[in-house]
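Heads up, target_25.cif below (mmCIF, C-alpha atoms):
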data_coords
#
loop_
_atom_site.label_atom_id
_atom_site.label_comp_id
_atom_site.auth_asym_id
_atom_site.auth_seq_id
_atom_site.Cartn_x
_atom_site.Cartn_y
_atom_site.Cartn_z
CA MET A 1491 -38.82 68.67 65.02
CA ARG A 1492 -36.96 71.93 65.70
CA LEU A 1493 -33.46 70.78 64.91
CA LEU A 1494 -34.12 67.39 63.41
CA VAL A 1495 -35.82 68.91 60.39
CA TYR A 1496 -32.65 70.80 59.45
CA LEU A 1497 -30.47 67.69 59.42
CA PRO A 1498 -31.75 66.45 56.02
CA LEU A 1499 -30.88 69.89 54.68
CA LEU A 1500 -27.34 69.82 56.07
CA ILE A 1501 -26.30 66.27 55.21
CA PRO A 1502 -26.43 66.82 51.42
CA ALA A 1503 -23.73 69.49 51.81
CA LEU A 1504 -21.59 66.95 53.63
CA ALA A 1505 -22.33 64.37 50.96
CA ALA A 1506 -21.35 66.84 48.25
CA VAL A 1507 -17.94 67.29 49.86
CA ALA A 1508 -17.50 63.54 50.33
CA ALA A 1509 -18.67 62.56 46.83
CA ARG A 1510 -15.40 62.89 44.97
CA PRO A 1511 -13.20 61.17 47.57
CA LEU A 1512 -15.78 58.38 47.80
CA ALA A 1513 -15.86 57.99 44.03
CA ALA A 1514 -12.08 57.66 44.03
CA ARG A 1515 -11.93 55.09 46.82
CA LEU A 1516 -14.94 52.84 46.38
CA GLU A 1517 -14.99 49.90 44.01
CA PRO A 1518 -16.64 51.47 40.93
CA ARG A 1519 -19.74 49.29 40.75
CA GLN A 1520 -20.43 49.58 44.48
CA GLY A 1521 -19.59 53.28 44.33
CA THR A 1522 -22.07 53.84 41.51
CA TRP A 1523 -24.86 52.08 43.38
CA LEU A 1524 -24.08 53.83 46.65
CA LEU A 1525 -23.71 57.34 45.21
CA THR A 1526 -26.81 57.02 43.04
CA ALA A 1527 -28.97 55.63 45.83
CA ALA A 1528 -27.59 58.16 48.32
CA ALA A 1529 -28.23 61.06 45.93
CA ALA A 1530 -31.81 59.93 45.39
CA ALA A 1531 -32.41 59.31 49.11
CA LEU A 1532 -30.88 62.61 50.20
CA ALA A 1533 -32.83 64.51 47.56
CA GLY A 1534 -35.99 62.85 48.88
CA CYS A 1535 -35.12 63.64 52.51
CA SER A 1536 -34.30 67.27 51.85
CA THR A 1537 -37.55 67.65 49.92
CA VAL A 1538 -39.50 66.17 52.81
CA ALA A 1539 -37.76 68.54 55.23
CA LEU A 1540 -38.63 71.54 53.07
CA ALA A 1541 -42.23 70.37 52.84
CA LEU A 1542 -42.43 70.04 56.64
CA LEU A 1543 -41.05 73.54 57.19
CA ALA A 1544 -43.46 74.94 54.65
CA ALA A 1545 -46.38 73.03 56.18
CA LEU A 1546 -45.53 74.29 59.65
CA ALA A 1547 -45.51 77.88 58.44
CA ILE A 1548 -48.78 77.40 56.62
CA ALA A 1549 -50.34 75.82 59.73
CA GLN A 1550 -49.77 79.13 61.53
CA VAL A 1551 -51.98 81.07 59.18
CA PRO A 1552 -55.00 82.02 61.39
CA VAL A 1553 -57.65 81.35 58.71
CA LEU A 1554 -56.37 77.84 58.16
CA ALA A 1555 -56.29 77.21 61.91
CA ASP A 1556 -59.97 78.08 62.07
CA LEU A 1557 -60.80 75.94 59.09
CA GLY A 1558 -58.75 72.97 60.28
CA ASP A 1559 -60.16 73.28 63.77
CA TYR A 1560 -56.84 73.44 65.64
CA SER A 1561 -55.14 75.87 67.93
CA GLN A 1562 -52.70 78.10 66.14
CA SER A 1563 -51.20 79.36 69.40
CA VAL A 1564 -50.25 75.84 70.49
CA ILE A 1565 -48.26 75.38 67.32
CA GLN A 1566 -46.57 78.74 67.69
CA HIS A 1567 -45.73 77.98 71.30
CA HIS A 1568 -44.28 74.54 70.66
CA ASP A 1569 -42.48 75.22 67.43
CA PRO A 1570 -41.55 78.82 66.79
CA THR A 1571 -40.43 78.19 63.21
CA SER A 1572 -40.81 81.59 61.72
CA ALA A 1573 -43.14 82.28 58.86
CA VAL A 1574 -40.13 83.61 56.93
CA ILE A 1575 -38.35 80.24 57.05
CA GLY A 1576 -41.57 78.52 56.02
CA ALA A 1577 -42.10 80.89 53.12
CA VAL A 1578 -38.52 80.43 51.94
CA ALA A 1579 -38.97 76.66 52.18
CA ALA A 1580 -42.16 76.85 50.13
CA VAL A 1581 -40.46 78.90 47.40
CA VAL A 1582 -37.43 76.60 47.28
CA LEU A 1583 -39.76 73.61 47.13
CA THR A 1584 -41.63 75.08 44.17
CA VAL A 1585 -38.43 75.92 42.32
CA ALA A 1586 -37.13 72.39 42.97
CA ALA A 1587 -40.34 70.84 41.63
CA VAL A 1588 -40.08 72.88 38.43
CA ALA A 1589 -36.36 72.05 38.08
CA VAL A 1590 -37.04 68.32 38.42
CA ALA A 1591 -39.86 68.48 35.89
CA VAL A 1592 -37.64 70.31 33.38
CA ALA A 1593 -34.69 67.98 33.94
CA PHE A 1594 -36.96 64.96 33.64
CA ARG A 1595 -38.37 66.19 30.37
CA HIS A 1596 -34.89 66.85 28.94
CA ARG A 1597 -33.62 63.43 29.90
CA ALA A 1598 -36.72 61.62 28.73
CA ARG A 1599 -36.53 63.33 25.36
CA ALA A 1600 -32.82 62.65 24.97
CA LEU A 1601 -33.37 58.99 25.86
CA ALA A 1602 -36.31 58.66 23.50
CA GLU A 1603 -34.23 60.21 20.73
CA SER A 1604 -31.40 57.83 21.51
CA TYR A 1605 -33.70 54.78 21.40
CA ARG A 1606 -35.18 55.93 18.14
CA ARG A 1607 -31.76 56.42 16.55
CA ALA A 1608 -30.46 53.15 17.93
CA ALA A 1609 -33.45 51.34 16.42
CA ARG A 1610 -32.75 52.95 13.08
CA LEU A 1611 -29.17 51.69 13.09
CA HIS A 1612 -30.19 48.30 11.81
CA ASP A 1613 -26.64 47.21 11.34
CA ASP A 1614 -25.56 43.62 11.63
CA GLY A 1615 -23.65 43.99 14.85
CA ALA A 1616 -23.89 46.21 17.87
CA VAL A 1617 -21.03 48.37 16.65
CA VAL A 1618 -21.68 51.11 14.13
CA VAL A 1619 -18.73 52.70 12.41
CA GLN A 1620 -19.25 56.36 11.79
CA ARG A 1621 -17.37 57.87 8.92
CA GLY A 1622 -16.05 61.35 9.05
CA VAL A 1623 -13.13 63.17 10.53
CA SER A 1624 -14.08 63.23 14.20
CA VAL A 1625 -12.58 61.05 16.91
CA GLU A 1626 -15.69 59.69 18.59
CA ALA A 1627 -16.75 56.69 20.58
CA TYR A 1628 -19.87 56.42 22.62
CA ALA A 1629 -22.57 54.05 23.76
CA LEU A 1630 -26.02 54.82 22.43
CA PRO A 1631 -28.66 53.48 24.83
CA GLY A 1632 -31.43 51.64 23.02
CA TRP A 1633 -33.14 48.35 22.48
CA PRO A 1634 -30.68 46.98 21.63
CA GLY A 1635 -28.12 49.64 22.47
CA ARG A 1636 -25.44 50.48 19.96
CA ILE A 1637 -21.80 51.38 20.12
CA VAL A 1638 -20.84 54.15 17.75
CA VAL A 1639 -17.18 54.53 16.90
CA SER A 1640 -15.71 56.77 14.25
CA GLY A 1641 -13.70 55.05 11.57
CA ARG A 1642 -10.83 57.42 12.18
CA LEU A 1643 -10.59 56.33 15.79
CA LEU A 1644 -10.70 52.63 14.87
CA GLU A 1645 -7.89 53.17 12.40
CA ALA A 1646 -5.80 54.96 15.00
CA LEU A 1647 -6.00 52.06 17.45
CA ASP A 1648 -4.36 48.68 17.21
CA GLU A 1649 -6.33 45.48 17.76
CA PRO A 1650 -5.90 45.25 21.57
CA GLY A 1651 -6.77 48.94 21.86
CA ARG A 1652 -9.97 48.41 19.87
CA ALA A 1653 -10.87 45.47 22.08
CA ALA A 1654 -10.41 47.63 25.18
CA LEU A 1655 -12.51 50.45 23.74
CA LEU A 1656 -15.36 48.15 22.72
CA ALA A 1657 -15.31 46.29 26.04
CA HIS A 1658 -15.63 49.64 27.81
CA GLU A 1659 -18.62 50.73 25.73
CA ARG A 1660 -20.28 47.31 26.04
CA ALA A 1661 -20.07 47.63 29.82
CA HIS A 1662 -21.99 50.92 29.61
CA LEU A 1663 -24.78 49.30 27.63
CA ALA A 1664 -24.91 46.05 29.60
CA GLY A 1665 -24.87 47.89 32.95
CA ARG A 1666 -27.52 50.41 31.80
CA HIS A 1667 -25.24 53.14 33.11
CA HIS A 1668 -27.38 55.91 31.67
CA LEU A 1669 -30.07 55.05 34.22
CA PHE A 1670 -27.69 55.68 37.12
CA THR A 1671 -26.57 59.02 35.74
CA THR A 1672 -30.17 59.98 35.01
CA VAL A 1673 -31.31 59.24 38.57
CA ALA A 1674 -28.33 61.09 40.05
CA HIS A 1675 -28.87 64.14 37.86
CA LEU A 1676 -32.58 64.25 38.67
CA ALA A 1677 -31.64 64.19 42.36
CA ALA A 1678 -29.27 67.08 41.70
CA ALA A 1679 -32.09 68.96 39.97
CA ALA A 1680 -34.22 68.56 43.10
CA ASN A 1681 -31.36 69.69 45.31
CA PRO A 1682 -28.50 71.47 43.50
CA VAL A 1683 -26.26 70.94 46.51
CA LEU A 1684 -26.10 67.31 45.34
CA LEU A 1685 -24.56 68.21 41.98
CA PRO A 1686 -21.09 66.94 42.99
CA MET A 1687 -22.71 63.57 43.70
CA ALA A 1688 -24.20 63.45 40.22
CA ARG A 1689 -20.79 64.30 38.76
CA ALA A 1690 -19.27 61.57 40.92
CA VAL A 1691 -21.72 59.07 39.43
CA ASP A 1692 -20.75 60.23 35.92
CA TYR A 1693 -17.20 59.38 36.94
CA THR A 1694 -17.87 56.03 38.66
CA VAL A 1695 -19.79 54.65 35.67
CA GLU A 1696 -16.72 55.41 33.53
CA ARG A 1697 -14.55 53.67 36.10
CA TRP A 1698 -16.98 50.74 36.17
CA ALA A 1699 -16.66 50.38 32.40
CA ASP A 1700 -12.87 50.81 32.59
CA GLU A 1701 -12.53 48.04 35.15
CA HIS A 1702 -14.78 45.83 33.05
CA ALA A 1703 -12.55 46.44 30.03
CA ALA A 1704 -9.50 45.66 32.17
CA ARG A 1705 -11.03 42.33 33.21
CA VAL A 1706 -12.05 41.42 29.66
CA THR A 1707 -8.70 42.27 28.11
CA GLY A 1708 -6.74 41.10 31.15
CA ASP A 1709 -4.50 44.14 30.89
CA ARG A 1710 -5.07 47.21 33.07
CA ARG A 1711 -2.23 49.09 31.50
CA LEU A 1712 -3.62 48.51 28.02
CA VAL A 1713 -6.91 50.15 29.01
CA ALA A 1714 -5.06 53.07 30.62
CA VAL A 1715 -2.91 53.63 27.56
CA THR A 1716 -5.91 53.35 25.23
CA ILE A 1717 -7.84 55.97 27.21
CA GLY A 1718 -4.81 58.24 27.11
CA ARG A 1719 -4.28 57.76 23.40
CA VAL A 1720 -7.92 58.38 22.50
CA ALA A 1721 -8.11 61.43 24.76
CA MET A 1722 -5.09 62.95 23.06
CA LEU A 1723 -6.43 62.14 19.61
CA ALA A 1724 -9.72 63.77 20.56
CA THR A 1725 -7.90 66.86 21.79
CA PRO A 1726 -5.58 67.85 18.99
CA GLY A 1727 -2.87 70.43 19.45
CA ARG A 1728 -2.78 70.15 23.21
CA LEU A 1729 0.61 68.59 23.58
CA PRO A 1730 3.53 70.45 22.11
CA ALA A 1731 6.68 68.32 22.03
CA ALA A 1732 8.37 70.66 24.49
CA THR A 1733 5.88 69.74 27.21
CA LEU A 1734 7.03 66.18 27.05
CA GLY A 1735 10.63 66.97 27.93
CA MET A 1736 9.59 69.38 30.61
CA VAL A 1737 7.40 66.84 32.33
CA ARG A 1738 10.06 64.14 32.20
CA ALA A 1739 12.49 66.48 33.91
CA GLY A 1740 9.89 67.43 36.52
CA SER A 1741 8.90 65.67 39.68
CA ARG A 1742 7.55 62.14 39.55
CA ARG A 1743 4.73 62.87 41.90
CA VAL A 1744 1.51 63.49 40.04
CA SER A 1745 -1.14 65.44 41.89
CA LEU A 1746 -4.65 64.53 40.87
CA ALA A 1747 -6.33 66.91 43.30
CA TRP A 1748 -7.83 69.15 40.62
CA ALA A 1749 -7.52 66.82 37.67
CA GLY A 1750 -10.32 66.08 35.23
CA PRO A 1751 -11.82 62.60 34.86
CA VAL A 1752 -9.43 61.26 32.20
CA PRO A 1753 -6.16 61.53 34.17
CA ARG A 1754 -7.91 60.15 37.25
CA ARG A 1755 -9.21 57.15 35.32
CA VAL A 1756 -5.78 56.49 33.87
CA ALA A 1757 -4.13 56.80 37.29
CA ALA A 1758 -6.66 54.38 38.78
CA LEU A 1759 -5.96 51.84 36.05
CA LEU A 1760 -2.21 52.16 36.49
CA GLY A 1761 -2.67 51.41 40.18
CA PRO A 1762 -3.82 48.13 41.72
CA PRO A 1763 -7.37 46.83 41.05
CA PRO A 1764 -9.99 48.34 43.38
CA ARG A 1765 -11.02 46.40 46.46
CA SER A 1766 -14.46 46.62 47.98
CA ARG A 1767 -14.37 48.79 51.07
CA VAL A 1768 -17.01 47.44 53.38
CA LEU A 1769 -16.40 49.85 56.26
CA LEU A 1770 -16.52 52.95 54.08
CA LEU A 1771 -19.63 51.65 52.37
CA ALA A 1772 -21.32 50.89 55.69
CA ALA A 1773 -20.46 54.34 57.10
CA ALA A 1774 -21.93 56.06 54.06
CA VAL A 1775 -25.10 53.95 54.18
CA LEU A 1776 -25.44 54.67 57.91
CA ILE A 1777 -25.29 58.43 57.35
CA VAL A 1778 -27.97 58.24 54.67
CA LEU A 1779 -30.17 56.09 56.93
CA LEU A 1780 -29.74 58.57 59.79
CA THR A 1781 -30.81 61.36 57.47
CA GLY A 1782 -33.87 59.38 56.46
CA ALA A 1783 -34.67 58.62 60.10
CA SER A 1784 -34.43 62.29 61.06
CA ALA A 1785 -36.78 63.24 58.22
CA VAL A 1786 -39.27 60.61 59.39
CA GLU A 1787 -38.95 61.77 63.02
CA ALA A 1788 -39.51 65.36 61.99
CA ALA A 1789 -42.63 64.33 60.11
CA LYS A 1790 -43.88 62.41 63.15
CA ASP A 1791 -43.24 65.47 65.33
CA LEU A 1792 -45.30 67.64 63.03
CA HIS A 1793 -48.09 65.14 63.07
CA ALA A 1794 -48.04 64.96 66.89
CA LEU A 1795 -47.97 68.73 67.12
CA LEU A 1796 -51.02 69.08 64.91
CA GLU A 1797 -52.88 66.52 66.99
CA LEU A 1798 -51.94 68.40 70.15
CA ALA A 1799 -53.16 71.64 68.62
CA GLN A 1800 -56.39 70.03 67.60
CA ALA A 1801 -56.96 68.63 71.06
CA ALA A 1802 -56.27 72.01 72.64
CA HIS A 1803 -58.77 73.78 70.50
CA MET B 740 -23.29 83.56 -8.69
CA GLN B 741 -25.26 85.61 -11.18
CA GLN B 742 -28.42 83.90 -12.31
CA GLY B 743 -29.71 86.08 -15.11
CA PRO B 744 -31.90 85.00 -17.97
CA GLY B 745 -30.17 83.42 -20.98
CA HIS B 746 -27.67 85.62 -22.74
CA PRO B 747 -29.48 87.40 -25.59
CA LEU B 748 -26.63 86.77 -28.04
CA ALA B 749 -26.34 83.04 -27.31
CA GLU B 750 -27.21 80.73 -30.17
CA HIS B 751 -29.62 78.66 -28.09
CA PRO B 752 -31.38 79.63 -24.88
CA GLU B 753 -29.55 78.43 -21.79
CA PRO B 754 -31.47 75.77 -19.83
CA PRO B 755 -32.62 77.06 -16.46
CA ARG B 756 -29.99 76.70 -13.74
CA ARG B 757 -30.74 74.12 -11.10
CA PRO B 758 -30.42 75.02 -7.45
CA SER B 759 -27.27 73.46 -6.01
CA GLY B 760 -29.38 71.30 -3.67
CA SER B 761 -30.82 69.35 -6.58
CA LEU B 762 -27.36 68.88 -8.08
CA GLU B 763 -26.17 67.50 -4.76
CA ALA B 764 -29.07 65.07 -4.77
CA GLU B 765 -28.25 63.92 -8.30
CA VAL B 766 -24.58 63.43 -7.48
CA LEU B 767 -25.59 61.41 -4.44
CA ALA B 768 -27.96 59.34 -6.55
CA VAL B 769 -25.21 58.59 -9.06
CA LEU B 770 -22.88 57.47 -6.26
CA ARG B 771 -25.55 55.34 -4.60
CA ALA B 772 -26.38 53.66 -7.87
CA ALA B 773 -22.72 53.01 -8.63
CA ARG B 774 -22.10 50.88 -5.51
CA THR B 775 -18.40 51.56 -5.91
CA LYS B 776 -16.17 54.53 -5.27
CA LEU B 777 -16.11 57.16 -7.98
CA THR B 778 -13.94 60.13 -8.78
CA PRO B 779 -15.59 63.46 -9.66
CA GLY B 780 -14.72 62.84 -13.31
CA GLN B 781 -16.53 59.49 -13.28
CA VAL B 782 -19.52 61.04 -11.54
CA ARG B 783 -19.66 63.77 -14.17
CA GLU B 784 -19.69 61.15 -16.93
CA ARG B 785 -22.58 59.34 -15.31
CA LEU B 786 -24.75 62.39 -14.81
CA ASP B 787 -27.24 62.51 -17.63
CA ALA B 788 -25.98 63.94 -20.88
CA ARG B 789 -28.08 67.08 -20.90
CA GLN B 790 -26.57 68.11 -17.64
CA ARG B 791 -23.05 67.13 -18.47
CA GLY B 792 -22.84 69.86 -21.03
CA GLU B 793 -23.57 72.56 -18.56
CA LEU B 794 -21.58 71.17 -15.63
CA ALA B 795 -17.92 72.02 -15.33
CA TYR B 796 -15.61 69.44 -13.82
CA SER B 797 -14.70 71.88 -11.08
CA THR B 798 -18.38 72.28 -10.17
CA VAL B 799 -18.69 68.53 -9.61
CA VAL B 800 -15.56 68.59 -7.46
CA THR B 801 -17.02 71.45 -5.42
CA ILE B 802 -20.34 69.69 -4.95
CA MET B 803 -18.68 66.47 -3.91
CA SER B 804 -16.34 68.06 -1.42
CA ARG B 805 -19.30 69.95 0.01
CA LEU B 806 -21.14 66.65 0.42
CA HIS B 807 -18.06 65.26 2.11
CA ASP B 808 -18.02 68.20 4.53
CA LYS B 809 -21.64 67.49 5.34
CA GLY B 810 -20.68 63.92 6.22
CA LEU B 811 -22.74 62.44 3.38
CA LEU B 812 -19.75 61.15 1.41
CA ALA B 813 -16.64 59.33 2.52
CA ARG B 814 -13.52 59.73 0.45
CA GLU B 815 -10.07 58.32 0.01
CA ARG B 816 -7.07 59.37 -2.00
CA ALA B 817 -7.07 58.23 -5.61
CA GLY B 818 -4.12 59.48 -7.57
CA ARG B 819 -4.03 63.25 -7.31
CA GLY B 820 -7.65 63.62 -6.26
CA PHE B 821 -10.19 61.70 -4.21
CA ALA B 822 -12.58 58.87 -4.88
CA TYR B 823 -15.90 59.08 -3.05
CA THR B 824 -18.46 56.65 -1.67
CA PRO B 825 -21.80 57.51 -0.11
CA VAL B 826 -21.89 57.09 3.64
CA ASP B 827 -24.32 54.29 4.40
CA ASP B 828 -27.55 55.08 6.19
CA ALA B 829 -26.52 53.50 9.46
CA SER B 830 -23.39 55.61 9.71
CA LEU B 831 -25.37 58.60 8.59
CA ALA B 832 -27.91 58.15 11.34
CA ALA B 833 -25.10 57.79 13.86
CA GLY B 834 -23.51 60.97 12.60
CA GLN B 835 -26.79 62.81 12.80
CA MET B 836 -27.28 61.48 16.30
CA SER B 837 -24.01 62.82 17.57
CA ARG B 838 -24.61 66.12 15.83
CA ALA B 839 -28.13 66.39 17.18
CA LEU B 840 -26.92 65.64 20.66
CA ASP B 841 -23.97 67.95 20.39
CA GLY B 842 -26.46 70.66 19.54
CA GLY B 843 -28.44 70.13 22.73
CA ALA B 844 -27.10 70.90 26.16
CA ASP B 845 -28.25 67.59 27.55
CA HIS B 846 -26.32 65.16 25.40
CA ASP B 847 -24.42 63.89 28.41
CA ALA B 848 -27.76 62.59 29.56
CA VAL B 849 -27.64 59.56 27.35
CA LEU B 850 -24.28 59.32 25.66
CA THR B 851 -21.45 57.94 27.68
CA ARG B 852 -18.45 59.01 25.67
CA PHE B 853 -15.25 57.03 25.90
CA VAL B 854 -13.31 60.16 26.80
CA SER B 855 -14.18 63.73 27.47
CA GLY B 856 -12.00 66.52 26.17
CA LEU B 857 -8.76 67.30 27.93
CA SER B 858 -7.76 70.62 29.35
CA GLY B 859 -4.14 71.60 28.80
CA ARG B 860 -3.30 70.65 32.34
CA ASP B 861 -5.09 67.31 32.08
CA ALA B 862 -3.10 66.56 28.94
CA ARG B 863 0.17 67.25 30.74
CA LEU B 864 -0.94 65.15 33.72
CA LEU B 865 -1.89 62.32 31.41
CA ARG B 866 1.50 62.35 29.72
CA GLN B 867 3.17 62.42 33.09
CA LEU B 868 1.14 59.44 34.32
CA LEU B 869 1.76 57.32 31.26
CA ASP B 870 5.47 58.13 31.21
CA ALA B 871 5.81 57.31 34.89
CA GLY B 872 3.90 54.08 34.30
CA GLU B 873 6.34 53.13 31.57
CA GLY B 874 9.30 53.71 33.88
CA GLY B 875 7.74 51.52 36.55
CA GLY B 876 7.19 48.69 34.09
#
Structure rendered as structure tokens:
Amino acid sequence: MRLLVYLPLLIPALAAVAARPLAARLEPRQGTWLLTAAAAALAGCSTVALALLAALAIAQVPVLADLGDYSQSVIQHHDPTSAVIGAVAAVVLTVAAVAVAVAFRHRARALAESYRRAARLHDDGAVVVQRGVSVEAYALPGWPGRIVVSGRLLEALDEPGRAALLAHERAHLAGRHHLFTTVAHLAAAANPVLLPMARAVDYTVERWADEHAARVTGDRRLVAVTIGRVAMLATPGRLPAATLGMVRAGSRRVSLAWAGPVPRRVAALLGPPPRSRVLLLAAAVLIVLLTGASAVEAAKDLHALLELAQAAH
Amino acid sequence: MQQGPGHPLAEHPEPPRRPSGSLEAEVLAVLRAARTKLTPGQVRERLDARQRGELAYSTVVTIMSRLHDKGLLARERAGRGFAYTPVDDASLAAGQMSRALDGGADHDAVLTRFVSGLSGRDARLLRQLLDAGEGGG
């Protein structure tokens, strides 16, 4: 148990570092499934590990040893996890439980609100045109879900662009993408180290919808250009004409290392279609399984130790 | 705006001023009943006669542009001014939804927006990508 129990606490840090590169390389649908499942599994494993550490510390309290009829000294001898580590684990565990409860409540309310609004939009089709001056397009989860697009945005796009936009939003609704992001963000609430994974899922669901739009319209470049156009419309005053000339004169290499999601999505669409990467997928799954196995082993160790202590008493 | 009692020297007592909220509601009602776009002048004509006397044209224009700012009216150019139509309930609910969610910190929870905002650097990158893509065919 001594070292094994710390593995589920270390792996999430590794996963956090790997999340963005994985999101960029995996086929978006597979990436979404993998990252969401991994975030949930790792959050579960790290919670179990914290619980074990806390339990071990509590087991060393003399009063409890008397009550539970086991030998406290056997436990101390076999597993000198300090009371301090146990106490810290217990505090972190409590904070995590509260954080998950709060995050769950927020998400549940937002979803309920969304369903209520979507139900009220008893329009003929699934697309609701919103009047006003904003440039907006989003999928509103519901039963049925709705696509809300501002009239100004629809006017600004030509017919193929509109088709690409709507195909993208339909993919969000059909794929129930809000469930993936909800699970990933709840995992990140349980273990904040996993936040990059939740962000990666936010990104891969966009990529998933982008690739769907590219398949439907049969034109990857169209989807890329539409995303670019809408992003610029939604961000007025960002592009002085001078920038354009400057960039053209500059180097052709575009570094996406620190770029936000929009340029990365556009770059991905301008490149070749994503292939499924079985090896990468398998490696990631293996690491998550190992983490799970170490959490289970640590739990078994604790159980064995308690039995030993009981027998010795 | 001063809201005193009727001027003592006036020939007839001034009718009590309505709060602007009720005027907004009446203007909206006129537009909903009309089922076609109306200019402020046309709206003023359709408000009931008693009120027409006390309402200046400019007041109607102000009320209607305020309603437009609130997202309750849509408008388009008509001559030198605008003609207005009420925003239908479905669009209204959608507008309220995005506003309500913009107000909360957790709107990302359920709305998957087509694009997020761009930072200045992202905008430059984007331009660079699309220009390079054009060059490559």
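If all atoms listed in the file are the atoms counted, then among A:His1662, A:Arg1515, A:His1567, A:Arg1765 the closest residue to chain B is A:His1662.
In this structure, atom CA of A:Trp1633 sits 17.3 Å away from atom CA of A:Phe1670.
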On this file, the PyMOL selection byres ((chain A and resi 1688-1701) around 6) gives some set of residues; write that set as an MDAnalysis selection string. chainID A and resid 1510 1513 1518:1519 1522 1658 1661 1671 1674:1675 1685:1687 1702:1704
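For the choices A:Val1775, A:Ala1714, A:Ala1789, A:Val1507, the atom-to-atom distance to chain B is smallest for A:Ala1714 when using all atoms listed in the file.
Picture a line from atom CA of A:Ala1788 to atom CA of A:Ile1565; it runs 14.3 Å.
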Pick out the residues sitting within 10 Å of A:Thr1725, and hand them over as a PDB file with C-alpha atoms, in the frame of the given file; count all atoms listed in the file, and ignore anything fewer than 2 positions along from it in its own chain.
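The resulting file, part.pdb, is shown below:
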ATOM      1  CA  VAL A1625     -12.580  61.050  16.910  1.00  0.00           C
ATOM      2  CA  ARG A1719      -4.280  57.760  23.400  1.00  0.00           C
ATOM      3  CA  VAL A1720      -7.920  58.380  22.500  1.00  0.00           C
ATOM      4  CA  ALA A1721      -8.110  61.430  24.760  1.00  0.00           C
ATOM      5  CA  MET A1722      -5.090  62.950  23.060  1.00  0.00           C
ATOM      6  CA  LEU A1723      -6.430  62.140  19.610  1.00  0.00           C
ATOM      7  CA  GLY A1727      -2.870  70.430  19.450  1.00  0.00           C
ATOM      8  CA  ARG A1728      -2.780  70.150  23.210  1.00  0.00           C
ATOM      9  CA  LEU A1729       0.610  68.590  23.580  1.00  0.00           C
TER      10      LEU A1729
ATOM     11  CA  VAL B 854     -13.310  60.160  26.800  1.00  0.00           C
ATOM     12  CA  SER B 855     -14.180  63.730  27.470  1.00  0.00           C
ATOM     13  CA  GLY B 856     -12.000  66.520  26.170  1.00  0.00           C
ATOM     14  CA  LEU B 857      -8.760  67.300  27.930  1.00  0.00           C
ATOM     15  CA  SER B 858      -7.760  70.620  29.350  1.00  0.00           C
ATOM     16  CA  GLY B 859      -4.140  71.600  28.800  1.00  0.00           C
ATOM     17  CA  ALA B 862      -3.100  66.560  28.940  1.00  0.00           C
TER      18      ALA B 862
END
Using all atoms listed in the file, which of B:Pro825, B:Ala871, B:Asp787, B:Ser761 sits nearest B:Leu806? B:Pro825
Fewer than 4 positions away in the same chain doesn't count, so skip those; otherwise give me all residues within 9 Å of B:Met803, counting only C-alpha atoms, as a PDB file with C-alpha atoms, in the coordinates of the input.
ATOM      1  CA  GLU B 763     -26.170  67.500  -4.760  1.00  0.00           C
ATOM      2  CA  VAL B 766     -24.580  63.430  -7.480  1.00  0.00           C
ATOM      3  CA  LEU B 767     -25.590  61.410  -4.440  1.00  0.00           C
ATOM      4  CA  PRO B 779     -15.590  63.460  -9.660  1.00  0.00           C
ATOM      5  CA  THR B 798     -18.380  72.280 -10.170  1.00  0.00           C
ATOM      6  CA  VAL B 799     -18.690  68.530  -9.610  1.00  0.00           C
ATOM      7  CA  HIS B 807     -18.060  65.260   2.110  1.00  0.00           C
ATOM      8  CA  ASP B 808     -18.020  68.200   4.530  1.00  0.00           C
ATOM      9  CA  LEU B 812     -19.750  61.150   1.410  1.00  0.00           C
ATOM     10  CA  TYR B 823     -15.900  59.080  -3.050  1.00  0.00           C
TER      11      TYR B 823
END
Need the shell around A:Ala1678: protein/DNA/RNA residues with any atom at most 12 Å away, counting all atoms listed in the file. Skip same-chain ones fewer than 4 positions apart. Format as a VMD selection string? chain A and resid 1502 to 1503 1505 to 1506 1525 to 1526 1528 to 1534 1536 to 1537 1586 to 1587 1589 to 1590 1593 to 1594 1671 to 1674 1682 to 1691
The PyMOL selection byres ((chain A and resi 1641) around 9) resolved against shown file, as a PDB file with C-alpha atoms, in the frame of the given file:
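As a result, selection06.pdb now contains:
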ATOM      1  CA  VAL A1619     -18.730  52.700  12.410  1.00  0.00           C
ATOM      2  CA  GLN A1620     -19.250  56.360  11.790  1.00  0.00           C
ATOM      3  CA  ARG A1621     -17.370  57.870   8.920  1.00  0.00           C
ATOM      4  CA  GLY A1622     -16.050  61.350   9.050  1.00  0.00           C
ATOM      5  CA  VAL A1623     -13.130  63.170  10.530  1.00  0.00           C
ATOM      6  CA  SER A1624     -14.080  63.230  14.200  1.00  0.00           C
ATOM      7  CA  VAL A1625     -12.580  61.050  16.910  1.00  0.00           C
ATOM      8  CA  GLU A1626     -15.690  59.690  18.590  1.00  0.00           C
ATOM      9  CA  VAL A1639     -17.180  54.530  16.900  1.00  0.00           C
ATOM     10  CA  SER A1640     -15.710  56.770  14.250  1.00  0.00           C
ATOM     11  CA  ARG A1642     -10.830  57.420  12.180  1.00  0.00           C
ATOM     12  CA  LEU A1643     -10.590  56.330  15.790  1.00  0.00           C
ATOM     13  CA  LEU A1644     -10.700  52.630  14.870  1.00  0.00           C
ATOM     14  CA  GLU A1645      -7.890  53.170  12.400  1.00  0.00           C
ATOM     15  CA  ALA A1646      -5.800  54.960  15.000  1.00  0.00           C
TER      16      ALA A1646
END
